[in-house]
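So this one's structure14.cif, mmCIF, C-alpha atoms:
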data_structure
#
loop_
_atom_site.label_atom_id
_atom_site.label_comp_id
_atom_site.auth_asym_id
_atom_site.auth_seq_id
_atom_site.Cartn_x
_atom_site.Cartn_y
_atom_site.Cartn_z
CA SER C 26 -276.34 -142.09 -23.10
CA ARG C 27 -274.01 -139.15 -22.47
CA LEU C 28 -274.73 -135.66 -21.24
CA GLU C 29 -271.91 -133.18 -21.27
CA LEU C 30 -271.45 -129.61 -20.16
CA ILE C 31 -268.54 -127.53 -21.42
CA VAL C 32 -267.62 -124.29 -19.67
CA ALA C 33 -265.37 -121.85 -21.52
CA VAL C 34 -264.13 -118.39 -20.66
CA VAL C 35 -265.02 -115.72 -23.21
CA SER C 36 -264.69 -111.94 -23.40
CA GLU C 37 -266.21 -109.23 -21.27
CA TRP C 38 -269.72 -107.82 -21.36
CA ASN C 39 -270.41 -104.40 -19.85
CA GLY C 40 -267.01 -104.58 -18.18
CA GLN C 41 -267.69 -107.93 -16.52
CA ALA C 42 -265.96 -111.21 -17.33
CA MET C 43 -268.38 -113.79 -18.66
CA LEU C 44 -268.40 -117.55 -19.13
CA ASN C 45 -269.89 -119.05 -22.24
CA ILE C 46 -271.71 -122.27 -21.39
CA VAL C 47 -272.25 -124.96 -24.00
CA VAL C 48 -274.49 -127.81 -22.89
CA ALA C 49 -274.26 -130.80 -25.20
CA PHE C 50 -276.86 -133.55 -24.80
CA ASP C 51 -276.54 -136.97 -26.37
CA VAL C 52 -279.46 -139.09 -25.16
CA ASP C 53 -281.22 -141.99 -26.89
CA GLN C 54 -279.56 -141.12 -30.22
CA GLN C 55 -280.86 -137.54 -30.03
CA GLN C 56 -278.23 -134.82 -30.02
CA TRP C 57 -278.55 -131.09 -29.48
CA THR C 58 -276.68 -128.22 -27.88
CA HIS C 59 -277.67 -125.11 -26.01
CA ASP C 60 -275.39 -122.24 -25.13
CA PHE C 61 -275.77 -119.15 -22.96
CA GLN C 62 -273.69 -116.86 -20.75
CA ILE C 63 -273.25 -116.40 -17.02
CA HIS C 64 -271.02 -114.06 -15.05
CA ARG C 65 -267.58 -115.42 -14.25
CA SER C 66 -267.35 -116.55 -10.60
CA SER C 67 -270.99 -117.66 -10.64
CA THR C 68 -271.54 -120.71 -8.46
CA VAL C 69 -272.48 -124.17 -9.69
CA VAL C 70 -275.99 -123.82 -8.26
CA GLN C 71 -276.42 -120.50 -10.10
CA LEU C 72 -275.38 -122.25 -13.30
CA LYS C 73 -277.91 -125.03 -12.67
CA GLU C 74 -280.64 -122.44 -12.06
CA ARG C 75 -279.74 -120.76 -15.34
CA MET C 76 -279.85 -124.10 -17.15
CA LEU C 77 -283.40 -124.76 -15.92
CA GLY C 78 -284.62 -121.23 -16.58
CA PRO C 79 -286.47 -118.55 -14.55
CA GLY C 80 -288.69 -119.75 -11.75
CA ALA C 81 -287.12 -123.21 -11.49
CA ALA C 82 -288.11 -124.96 -8.26
CA ALA C 83 -285.31 -125.60 -5.76
CA GLU C 84 -286.05 -129.33 -5.75
CA ASP C 85 -285.63 -129.45 -9.54
CA VAL C 86 -282.30 -127.61 -9.31
CA ALA C 87 -281.09 -130.07 -6.67
CA ALA C 88 -282.31 -133.08 -8.68
CA PHE C 89 -279.22 -133.04 -10.91
CA GLU C 90 -275.56 -132.47 -10.26
CA LEU C 91 -272.52 -131.43 -12.23
CA GLN C 92 -269.47 -133.67 -12.07
CA ARG C 93 -265.78 -133.18 -12.82
CA GLY C 94 -263.68 -136.27 -13.36
CA GLY C 95 -266.51 -138.49 -12.14
CA GLY C 96 -266.98 -136.65 -8.82
CA ARG C 97 -269.63 -134.16 -7.72
CA VAL C 98 -268.82 -130.46 -8.02
CA HIS C 99 -269.90 -128.61 -4.86
CA ASP C 100 -272.99 -126.45 -5.42
CA ALA C 101 -271.22 -123.39 -4.01
CA GLU C 102 -268.00 -123.77 -6.01
CA GLN C 103 -267.29 -120.77 -8.22
CA LEU C 104 -266.71 -121.27 -11.94
CA VAL C 105 -263.78 -119.17 -13.08
CA SER C 106 -261.97 -121.00 -15.86
CA GLU C 107 -262.35 -123.25 -18.87
CA GLN C 108 -263.32 -126.81 -18.01
CA ALA C 109 -265.53 -129.73 -19.00
CA LEU C 110 -268.25 -131.04 -16.70
CA SER C 111 -270.77 -133.84 -16.84
CA PHE C 112 -274.50 -133.45 -16.18
CA VAL C 113 -276.02 -136.26 -14.06
CA TYR C 114 -279.66 -136.67 -13.02
CA LEU C 115 -280.10 -137.85 -9.41
CA GLY C 116 -283.82 -137.57 -8.72
CA GLN C 117 -285.36 -135.22 -6.17
CA GLU C 118 -284.79 -137.34 -3.04
CA GLU C 119 -281.09 -138.08 -3.61
CA GLY C 120 -280.55 -134.59 -5.03
CA ALA C 121 -282.02 -132.97 -1.91
CA ARG C 122 -279.78 -135.09 0.31
CA ARG C 123 -276.60 -134.10 -1.57
CA ALA C 124 -277.61 -130.44 -1.77
CA ALA C 125 -278.12 -130.37 2.01
CA LYS C 126 -274.66 -131.90 2.50
CA ASP C 127 -273.16 -129.16 0.30
CA ARG C 128 -274.87 -126.47 2.40
CA GLU C 129 -273.27 -127.92 5.53
CA SER C 130 -269.74 -127.83 4.10
CA SER C 131 -267.40 -125.24 2.63
CA PRO C 132 -266.74 -125.30 -1.12
CA PRO C 133 -263.21 -125.97 -2.39
CA GLU C 134 -261.10 -123.34 -4.10
CA PRO C 135 -262.31 -122.62 -7.66
CA PHE C 136 -261.02 -125.06 -10.25
CA ARG C 137 -258.38 -123.49 -12.48
CA ALA C 138 -257.42 -125.34 -15.61
CA ALA C 139 -253.70 -125.87 -16.05
CA ARG C 140 -252.37 -123.87 -18.97
CA GLU C 141 -249.94 -125.37 -21.45
CA VAL C 142 -246.29 -124.26 -21.29
CA GLU C 143 -243.28 -124.95 -23.45
CA VAL C 144 -240.12 -126.37 -21.86
CA VAL C 145 -236.72 -126.97 -23.42
CA VAL C 146 -234.75 -130.09 -22.59
CA ARG C 147 -231.02 -129.95 -23.44
CA HIS C 148 -228.75 -132.96 -23.43
CA ALA C 149 -226.04 -132.75 -20.79
CA ASP C 150 -223.46 -133.78 -23.39
CA ALA C 151 -222.70 -130.92 -25.76
CA GLY C 152 -223.62 -131.72 -29.33
CA ARG C 153 -226.32 -134.28 -28.47
CA GLY C 154 -229.11 -131.84 -29.13
CA GLU C 155 -232.11 -130.33 -27.45
CA ILE C 156 -235.86 -130.61 -27.83
CA SER C 157 -238.89 -128.46 -26.95
CA VAL C 158 -242.08 -130.05 -25.64
CA ARG C 159 -245.39 -128.71 -24.35
CA VAL C 160 -246.80 -129.83 -20.99
CA GLY C 161 -249.35 -128.56 -18.49
CA SER C 162 -248.19 -125.87 -16.07
CA ALA C 163 -248.93 -128.21 -13.14
CA SER C 164 -246.88 -131.04 -14.65
CA THR C 165 -244.11 -133.02 -13.00
CA VAL C 166 -240.59 -133.91 -14.14
CA GLY C 167 -242.00 -137.33 -15.03
CA ASP C 168 -244.51 -135.67 -17.36
CA VAL C 169 -241.68 -133.80 -19.09
CA ARG C 170 -239.74 -137.02 -19.41
CA ARG C 171 -242.70 -138.83 -21.00
CA ALA C 172 -243.34 -135.89 -23.36
CA VAL C 173 -239.72 -136.07 -24.54
CA MET C 174 -239.98 -139.84 -25.02
CA SER C 175 -243.15 -139.39 -27.05
CA ALA C 176 -241.53 -136.73 -29.25
CA LEU C 177 -238.55 -139.01 -29.85
CA GLY C 178 -240.66 -142.10 -30.48
CA GLU C 179 -238.83 -143.75 -27.59
CA ALA C 180 -240.57 -146.48 -25.56
CA ARG C 181 -237.77 -147.34 -23.13
CA LEU C 182 -237.91 -145.27 -19.96
CA SER C 183 -234.22 -145.86 -19.29
CA GLU C 184 -233.28 -143.99 -22.48
CA VAL C 185 -234.36 -140.56 -21.22
CA LYS C 186 -233.45 -139.23 -17.78
CA ILE C 187 -234.00 -135.70 -16.50
CA VAL C 188 -231.11 -134.54 -14.34
CA ARG C 189 -229.68 -131.49 -12.57
CA ARG C 190 -226.06 -130.46 -12.30
CA VAL C 191 -224.72 -130.43 -8.74
CA GLY C 192 -221.10 -129.34 -8.73
CA ASP C 193 -219.35 -131.61 -11.22
CA SER C 194 -222.02 -134.31 -11.00
CA LEU C 195 -225.34 -134.95 -12.72
CA VAL C 196 -228.07 -135.99 -10.26
CA PRO C 197 -231.38 -137.51 -11.44
CA ARG C 198 -234.50 -135.49 -10.70
CA GLU C 199 -237.45 -137.24 -9.05
CA ASP C 200 -240.31 -137.97 -11.46
CA GLY C 201 -242.81 -136.59 -8.93
CA GLU C 202 -241.09 -133.19 -8.67
CA ARG C 203 -243.31 -130.33 -9.89
CA ILE C 204 -241.81 -128.24 -12.67
CA GLY C 205 -243.13 -124.98 -11.21
CA THR C 206 -241.81 -122.06 -13.24
CA CYS C 207 -238.78 -123.97 -14.56
CA SER C 208 -238.72 -123.96 -18.36
CA SER C 209 -235.32 -125.53 -19.02
CA PHE C 210 -234.05 -129.00 -18.10
CA LEU C 211 -231.00 -131.20 -18.64
CA SER C 212 -231.16 -134.82 -19.75
CA THR C 213 -228.93 -137.84 -20.16
CA GLY C 214 -229.45 -140.93 -22.29
CA ARG C 215 -230.21 -140.89 -25.99
CA ALA C 216 -229.57 -137.89 -28.20
CA LEU C 217 -232.40 -135.38 -28.38
CA LYS C 218 -233.64 -135.21 -31.93
CA ALA C 219 -237.36 -135.40 -32.65
CA GLU C 220 -238.39 -137.79 -35.37
CA ALA C 221 -240.51 -136.47 -38.20
CA THR C 222 -244.01 -137.86 -38.58
CA PRO C 223 -243.83 -141.58 -39.29
CA ALA C 224 -240.34 -141.81 -40.71
CA PRO C 225 -237.78 -144.56 -41.21
CA ALA C 226 -235.83 -145.70 -38.18
CA HIS C 227 -233.20 -143.23 -37.00
CA VAL C 228 -229.77 -143.86 -38.52
CA PRO C 229 -226.85 -143.01 -36.20
CA PRO C 230 -224.48 -140.37 -37.61
CA SER C 231 -221.64 -142.91 -37.61
CA SER C 232 -223.55 -145.09 -40.11
CA PRO C 233 -224.45 -142.86 -43.06
CA PRO C 234 -226.63 -144.41 -45.76
CA ALA C 235 -224.82 -145.89 -48.75
CA PRO C 236 -224.67 -143.63 -51.81
#

For this file, write the structure as structure tokens.
Amino acid sequence: SRLELIVAVVSEWNGQAMLNIVVAFDVDQQQWTHDFQIHRSSTVVQLKERMLGPGAAAEDVAAFELQRGGGRVHDAEQLVSEQALSFVYLGQEEGARRAAKDRESSPPEPFRAAREVEVVVRHADAGRGEISVRVGSASTVGDVRRAVMSALGEARLSEVKIVRRVGDSLVPREDGERIGTCSSFLSTGRALKAEATPAPAHVPPSSPPAP
């Protein structure tokens, strides 16, 4: 069975930012959804209370948890941005134990989904092209490199390298380096020309097709 909760930012209501909550249940071959709104920056426990409805007992609220990436989301964490969460039933005893642990600890900073950004990669050799790819704003140089390889249909890591110019030299960038606000990169290796959707193998310019 699968139970899923999707949290998405929507517009304002009476001047206050709201979150639209879509709860999608898929249990024992029965599927249904329920959606409602809460104020942006509401906590996870406030969301759980809203899910159960007015007058919900504290032990019932604690009996289930919301998870992100397979891990529990702290009851006091604020919900501020679009994200997908899972809904997991714990039972009252285990739920009470985890809720007590949350009350004894500080919540993490609110989760903020990484937005998608466009970066341009230009070949260090003039005339060998450039390519634009989209990656998450929290991505690394390695993520940019893999996005370029995917766009080119290239499987060999050695064929695409992201570099920086230092004086008269080209120095490889570390794959783990965060891109930050940088939106333009240099590369070495194969020419940068995206292949069209499933197309014949690339033909080098020096080998034009026979008439």

Query raised in the report: From the set C:His99, C:Pro197, C:Gly192, C:Ala81, which residue has the shortest atom-to-atom contact distance to Pro135 in chain C, counting only C-alpha atoms?
Result: C:His99

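The residues returned by the PyMOL selection byres ((chain C and resi 133) around 9) on the shown structure are His99, Ala101, Glu102, Gln103, Ser131, Pro132, Glu134, Pro135 and Phe136 of chain C.
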
Query raised in the report: Counting all atoms listed in the file, which of C:Arg75, C:Arg189, C:Asp85, C:Arg123 gets nearest to Arg97 in chain C?
Result: C:Arg123

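Computed from the coordinates, the CA of Glu141 in chain C to CA of Ser162 in chain C distance equals 5.7 Å.
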
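Distance annotation: of C:Val196, C:Leu104, C:Val173, C:Val113, the residue with the minimal separation from Arg159 in chain C is C:Val173; atom set is all atoms listed in the file.
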
Please tabulate, as CSV, the residues of range 109-174 of chain C that come within 8 Å of range 210-218 of chain C, each with its closest pair of atoms and the distance in Å to one decimal, counting only C-alpha atoms and ordering rows by chain, then residue number upward.
residue,atom,partner,partner_atom,distance
C:Val144,CA,C:Phe210,CA,7.6
C:Val145,CA,C:Phe210,CA,6.3
C:Val146,CA,C:Phe210,CA,4.7
C:Arg147,CA,C:Leu211,CA,5.0
C:His148,CA,C:Ser212,CA,4.8
C:Ala149,CA,C:Ser212,CA,5.6
C:Asp150,CA,C:Thr213,CA,7.5
C:Arg153,CA,C:Ala216,CA,4.9
C:Gly154,CA,C:Leu217,CA,4.9
C:Glu155,CA,C:Leu217,CA,5.1
C:Ile156,CA,C:Leu217,CA,5.9

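Taking CA of Met174 in chain C as the reference point, CA of Glu202 in chain C is found at 17.7 Å.
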
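With distances restricted to all atoms listed in the file, C:Val47 is the closest residue to Asp60 in chain C from C:Val47, C:Leu72, C:Glu90, C:Gly80.
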
Query raised in the report: Restricting the calculation to all atoms listed in the file, which member of C:Ser130, C:Asn45, C:Ser209, C:Ser111 is positioned closest to Ile187 in chain C?
Result: C:Ser209

Report summary line: Correct to one decimal, the distance CA of Gly205 in chain C-CA of Gly167 in chain C is 13.0 Å

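Candidate residues C:Leu195, C:Gly95, C:Cys207, C:Gln62 were compared for distance to Leu44 in chain C, and the nearest is C:Gln62, using all atoms listed in the file.
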
Requested in this report: Name the residues that the PyMOL selection byres ((chain C and resi 87) around 8) picks from the file above, as a PyMOL selection string, using the file's chain letters and numbers.
Outcome: chain C and resi 83-86+88-90+117+120-121+123-124

Print the selection's residues with C-alpha atoms to a file, as a PDB file, in the frame of the given file.
ATOM      1  CA  ALA C  83    -285.310-125.600  -5.760  1.00  0.00           C
ATOM      2  CA  GLU C  84    -286.050-129.330  -5.750  1.00  0.00           C
ATOM      3  CA  ASP C  85    -285.630-129.450  -9.540  1.00  0.00           C
ATOM      4  CA  VAL C  86    -282.300-127.610  -9.310  1.00  0.00           C
ATOM      5  CA  ALA C  88    -282.310-133.080  -8.680  1.00  0.00           C
ATOM      6  CA  PHE C  89    -279.220-133.040 -10.910  1.00  0.00           C
ATOM      7  CA  GLU C  90    -275.560-132.470 -10.260  1.00  0.00           C
ATOM      8  CA  GLN C 117    -285.360-135.220  -6.170  1.00  0.00           C
ATOM      9  CA  GLY C 120    -280.550-134.590  -5.030  1.00  0.00           C
ATOM     10  CA  ALA C 121    -282.020-132.970  -1.910  1.00  0.00           C
ATOM     11  CA  ARG C 123    -276.600-134.100  -1.570  1.00  0.00           C
ATOM     12  CA  ALA C 124    -277.610-130.440  -1.770  1.00  0.00           C
TER      13      ALA C 124
END

Kindly complete range 192-223 of chain C to N, CA and C atoms; the output should be written as a compact mmCIF listing (two decimals), keeping the file's coordinate frame.
# COMPACT_ATOMS: atom_id res chain seq x y z
N GLY C 192 -222.56 -129.36 -8.67
CA GLY C 192 -221.10 -129.34 -8.73
C GLY C 192 -220.65 -129.93 -10.06
N ASP C 193 -219.82 -130.96 -10.00
CA ASP C 193 -219.35 -131.61 -11.22
C ASP C 193 -220.16 -132.86 -11.55
N SER C 194 -221.22 -133.09 -10.81
CA SER C 194 -222.02 -134.31 -11.00
C SER C 194 -223.39 -134.01 -11.58
N LEU C 195 -223.97 -135.03 -12.22
CA LEU C 195 -225.34 -134.95 -12.72
C LEU C 195 -226.20 -135.86 -11.84
N VAL C 196 -227.23 -135.27 -11.22
CA VAL C 196 -228.07 -135.99 -10.26
C VAL C 196 -229.48 -136.12 -10.84
N PRO C 197 -230.03 -137.33 -10.89
CA PRO C 197 -231.38 -137.51 -11.44
C PRO C 197 -232.43 -136.72 -10.64
N ARG C 198 -233.36 -136.14 -11.35
CA ARG C 198 -234.50 -135.49 -10.70
C ARG C 198 -235.58 -136.53 -10.43
N GLU C 199 -236.34 -136.34 -9.36
CA GLU C 199 -237.45 -137.24 -9.05
C GLU C 199 -238.59 -137.00 -10.04
N ASP C 200 -239.19 -138.10 -10.51
CA ASP C 200 -240.31 -137.97 -11.46
C ASP C 200 -241.47 -137.18 -10.87
N GLY C 201 -241.67 -137.26 -9.55
CA GLY C 201 -242.81 -136.59 -8.93
C GLY C 201 -242.59 -135.12 -8.64
N GLU C 202 -241.40 -134.60 -8.94
CA GLU C 202 -241.09 -133.19 -8.67
C GLU C 202 -241.87 -132.29 -9.62
N ARG C 203 -242.56 -131.28 -9.07
CA ARG C 203 -243.31 -130.33 -9.89
C ARG C 203 -242.36 -129.41 -10.65
N ILE C 204 -242.72 -129.07 -11.88
CA ILE C 204 -241.81 -128.24 -12.67
C ILE C 204 -241.89 -126.77 -12.25
N GLY C 205 -242.99 -126.37 -11.64
CA GLY C 205 -243.13 -124.98 -11.21
C GLY C 205 -242.94 -124.02 -12.37
N THR C 206 -242.06 -123.05 -12.18
CA THR C 206 -241.81 -122.06 -13.24
C THR C 206 -240.59 -122.41 -14.08
N CYS C 207 -239.98 -123.57 -13.82
CA CYS C 207 -238.78 -123.97 -14.56
C CYS C 207 -239.15 -124.30 -16.01
N SER C 208 -238.43 -123.72 -16.94
CA SER C 208 -238.72 -123.96 -18.36
C SER C 208 -237.54 -124.57 -19.12
N SER C 209 -236.49 -124.96 -18.38
CA SER C 209 -235.32 -125.53 -19.02
C SER C 209 -234.79 -126.68 -18.17
N PHE C 210 -234.51 -127.82 -18.81
CA PHE C 210 -234.05 -129.00 -18.10
C PHE C 210 -232.87 -129.63 -18.82
N LEU C 211 -232.10 -130.42 -18.07
CA LEU C 211 -231.00 -131.20 -18.64
C LEU C 211 -231.41 -132.67 -18.69
N SER C 212 -230.87 -133.39 -19.67
CA SER C 212 -231.16 -134.82 -19.75
C SER C 212 -229.88 -135.60 -20.02
N THR C 213 -229.96 -136.90 -19.75
CA THR C 213 -228.93 -137.84 -20.16
C THR C 213 -229.63 -138.96 -20.91
N GLY C 214 -228.85 -139.85 -21.51
CA GLY C 214 -229.45 -140.93 -22.29
C GLY C 214 -229.31 -140.65 -23.77
N ARG C 215 -230.31 -141.01 -24.54
CA ARG C 215 -230.21 -140.89 -25.99
C ARG C 215 -230.18 -139.44 -26.43
N ALA C 216 -229.64 -139.23 -27.63
CA ALA C 216 -229.57 -137.89 -28.20
C ALA C 216 -230.97 -137.34 -28.39
N LEU C 217 -231.10 -136.03 -28.29
CA LEU C 217 -232.40 -135.38 -28.38
C LEU C 217 -232.63 -134.84 -29.79
N LYS C 218 -233.30 -135.62 -30.58
CA LYS C 218 -233.64 -135.21 -31.93
C LYS C 218 -235.00 -135.80 -32.26
N ALA C 219 -236.00 -134.92 -32.39
CA ALA C 219 -237.36 -135.40 -32.65
C ALA C 219 -237.44 -136.04 -34.02
N GLU C 220 -238.16 -137.14 -34.08
CA GLU C 220 -238.39 -137.79 -35.37
C GLU C 220 -239.52 -137.08 -36.09
N ALA C 221 -239.42 -137.04 -37.41
CA ALA C 221 -240.51 -136.47 -38.20
C ALA C 221 -241.69 -137.43 -38.13
N THR C 222 -242.84 -136.99 -38.57
CA THR C 222 -244.01 -137.86 -38.58
C THR C 222 -243.69 -139.10 -39.39
N PRO C 223 -244.24 -140.25 -38.86
CA PRO C 223 -243.83 -141.58 -39.29
C PRO C 223 -242.73 -141.59 -40.34
